[in-house]
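Here is the structure we will look at.
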Amino acid sequence: QVQLVESGGGLVQPGGSLRLSCAASGFTFEYYEMYWYRQAPGKERELVATISDDSRVIDYADFAKGRFTISRANDKSTLYLQMNTLKPEDTALYYCQRFGGDKWGQGTQVTVSS
């Protein structure tokens, strides 16, 4: 069955960095467009970044442009999100997802606070 396991979150001060990982299994990872989403308390889940199967097409939400970098390692079935210059408003539960996916992992909590 499809499994998406996010990791790498934590507590970081404003201006700090984190690298999130998403270990995928149960499907042919290299064939799928992948996404990072986030959900802050009391808010709807929102798209953070998108990466095509071959990494040639990448897109970011406006709030992520210039600070976040999505990447993938198809040989490891792993998706990444490098987050720099973090702000308190980036505090959220971060999830990965594949194209057409409807099952969500547990997410990884990112808290940006001094």
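Residues are referred to by chain and number: the chain letter is A, B, ... according to the order shown in the structure tokens, the number counts from 1 in that chain, and ligands are numbered separately from 1 in the order shown.
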Residues at most 8 Å from segment 68-81 of chain A, counting only C-alpha atoms, excluding those fewer than 3 positions away in the same chain, as a list in words?
-> Arg19, Leu20, Ser21, Cys22, Ala23, Ala24, Ser25, Phe29, Glu30, Met34, Trp36, Ala49, Thr50, Ile51, Ser55, Ile58, Ala64, Lys65, Asn84 and Cys96 of chain A
Determine, counting only C-alpha atoms, which protein, DNA and RNA residues have an atom within 12 Å of an atom of Gln39 of chain A; residues of the same chain fewer than 6 positions away are not included. Present the result as a ChimeraX atom specification.
-> /A:45-48,89-96,106-111
Could those selected residues go to a file with C-alpha atoms, as an mmCIF file, in the first residue's frame?
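Result written to result.cif:
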```
data_model
loop_
_atom_site.group_PDB
_atom_site.id
_atom_site.type_symbol
_atom_site.label_atom_id
_atom_site.label_comp_id
_atom_site.auth_asym_id
_atom_site.auth_seq_id
_atom_site.Cartn_x
_atom_site.Cartn_y
_atom_site.Cartn_z
ATOM 1 C CA ARG A 45 -4.234 22.821 4.010
ATOM 2 C CA GLU A 46 -2.295 24.730 1.351
ATOM 3 C CA LEU A 47 0.092 23.782 -1.417
ATOM 4 C CA VAL A 48 3.707 24.742 -0.787
ATOM 5 C CA GLU A 89 3.987 32.171 9.913
ATOM 6 C CA ASP A 90 5.651 29.057 8.470
ATOM 7 C CA THR A 91 4.600 27.177 11.598
ATOM 8 C CA ALA A 92 2.449 24.281 10.399
ATOM 9 C CA LEU A 93 2.194 20.563 9.920
ATOM 10 C CA TYR A 94 3.944 19.728 6.643
ATOM 11 C CA TYR A 95 2.819 16.863 4.421
ATOM 12 C CA CYS A 96 3.963 15.314 1.156
ATOM 13 C CA GLN A 106 1.145 11.881 9.684
ATOM 14 C CA GLY A 107 3.030 14.976 8.599
ATOM 15 C CA THR A 108 5.978 16.592 10.317
ATOM 16 C CA GLN A 109 5.549 19.575 12.625
ATOM 17 C CA VAL A 110 7.499 22.750 11.927
ATOM 18 C CA THR A 111 7.441 25.386 14.648
#
```
Nearest to Arg56 of chain A among A:Phe99, A:Ser113, A:Glu33, A:Gly42, with distances taken over only C-alpha atoms: which residue is it?
-> A:Glu33
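Of note, atom CA of Val5 of chain A and atom CA of Tyr35 of chain A are spaced 13.2 Å apart.
Atom pair atom CA of Gln97 of chain A / atom CA of Tyr37 of chain A has a distance of 7.6 Å (rounded to one decimal).
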DSSP on the backbone: what in segment 6-105 of chain A comes out strand (DSSP E or B), as a ChimeraX atom specification?
-> /A:6-7,10-12,18-25,34-39,46-51,58-60,68-73,78-83,92-98
Could you jot down the atom CA of Gln3 of chain A to atom CA of Tyr31 of chain A separation for me, Å, one decimal place?
-> 15.4 Å
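Using only C-alpha atoms, the shortest contact distance between Trp104 of chain A and any of A:Val2, A:Leu11, A:Ala61, A:Pro88 is found at A:Val2.
Using only C-alpha atoms, the protein and nucleic acid residues lying no more than 6 Å from Pro14 of chain A, apart from those fewer than 4 places from it along its own chain, are Leu86, Lys87 and Val112 of chain A.
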Run DSSP on the backbone and tell me which residues of chain A come out as helix (DSSP H, G or I); list them as a PDB file with C-alpha atoms, in the first residue's frame.
```pdb
ATOM      1  CA  PHE A  29       7.922   7.044  -7.075  1.00  0.00           C
ATOM      2  CA  GLU A  30       9.856   8.083 -10.181  1.00  0.00           C
ATOM      3  CA  TYR A  31       6.651   8.181 -12.260  1.00  0.00           C
ATOM      4  CA  ASN A  74      14.164   9.025  -7.395  1.00  0.00           C
ATOM      5  CA  ASP A  75      16.772   6.367  -6.641  1.00  0.00           C
ATOM      6  CA  LYS A  76      15.831   6.678  -2.956  1.00  0.00           C
ATOM      7  CA  PRO A  88       6.756  32.332  12.522  1.00  0.00           C
ATOM      8  CA  GLU A  89       3.987  32.171   9.913  1.00  0.00           C
ATOM      9  CA  ASP A  90       5.651  29.057   8.470  1.00  0.00           C
TER      10      ASP A  90
END
```
